[in-house]
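Working notes for the structure below.
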Amino acid sequence: MDYETRLLEEKQEGKEEATISGLKKLISALRDFGGTNQQILHRLEADYGDQFTKKELENFMKQA
């Protein structure tokens, strides 16, 4: 693997970690505003369903 490929992979990993961190903050905020788990999951699936599976989103909700 060359240097440029490794840098690109690290950059992509960093973006995913930032997205997950943002998701957890969003989940907490939606809970603060009275959102139910079902409502929050529906919103996450609509916004992030192309990036994460339903199971992954449910796990993020448990971690938040």
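Labels used: A, B, ... for chains in the order of the structure tokens, numbers from 1 for residues in each chain, and numbers from 1 for ligands as shown.
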Helix (DSSP H, G or I) call set, DSSP backbone run, chain A, as a compact mmCIF listing (two decimals) with C-alpha atoms, in the first residue's frame:
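Everything below was put into states03.txt:
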# COMPACT_ATOMS: atom_id res chain seq x y z
CA TYR A 3 1.55 6.47 1.19
CA GLU A 4 -1.24 8.34 -0.61
CA THR A 5 -3.62 5.40 -0.27
CA ARG A 6 -2.93 5.17 3.45
CA LEU A 7 -3.53 8.91 3.92
CA LEU A 8 -6.84 8.66 2.06
CA GLU A 9 -7.95 5.72 4.23
CA GLU A 10 -7.05 7.58 7.42
CA LYS A 11 -8.96 10.64 6.22
CA GLN A 12 -12.04 8.53 5.51
CA GLU A 13 -11.81 6.85 8.92
CA GLY A 14 -11.61 10.28 10.55
CA LYS A 15 -14.71 11.46 8.71
CA GLU A 16 -16.64 8.38 9.81
CA GLU A 17 -15.60 8.89 13.44
CA ALA A 18 -16.69 12.53 13.24
CA THR A 19 -20.03 11.50 11.75
CA ILE A 20 -20.61 8.97 14.52
CA SER A 21 -19.73 11.55 17.15
CA GLY A 22 -22.18 13.98 15.56
CA LEU A 23 -24.87 11.29 15.44
CA LYS A 24 -24.53 10.65 19.15
CA LYS A 25 -24.86 14.37 19.89
CA LEU A 26 -27.92 14.55 17.64
CA ILE A 27 -29.50 11.60 19.45
CA SER A 28 -28.91 13.27 22.82
CA ALA A 29 -30.40 16.54 21.58
CA LEU A 30 -33.47 14.83 20.14
CA ARG A 31 -33.99 13.05 23.46
CA ASP A 32 -33.67 16.36 25.29
CA ASN A 37 -36.58 6.17 20.39
CA GLN A 38 -38.86 5.25 17.49
CA GLN A 39 -39.00 8.85 16.25
CA ILE A 40 -35.25 9.26 16.60
CA LEU A 41 -34.50 6.00 14.79
CA HIS A 42 -36.85 7.00 11.96
CA ARG A 43 -35.03 10.31 11.60
CA LEU A 44 -31.61 8.64 11.66
CA GLU A 45 -32.68 6.13 9.02
CA ALA A 46 -33.94 8.95 6.80
CA ASP A 47 -30.76 11.00 7.15
CA TYR A 48 -28.06 8.35 7.57
CA LYS A 54 -30.43 0.01 11.05
CA LYS A 55 -28.56 -2.17 13.56
CA GLU A 56 -25.61 0.26 13.61
CA LEU A 57 -27.98 3.18 14.17
CA GLU A 58 -29.68 1.33 17.01
CA ASN A 59 -26.27 0.71 18.58
CA PHE A 60 -25.41 4.42 18.33
CA MET A 61 -28.66 5.16 20.15
CA LYS A 62 -27.68 2.77 22.95
CA GLN A 63 -24.25 4.41 23.23
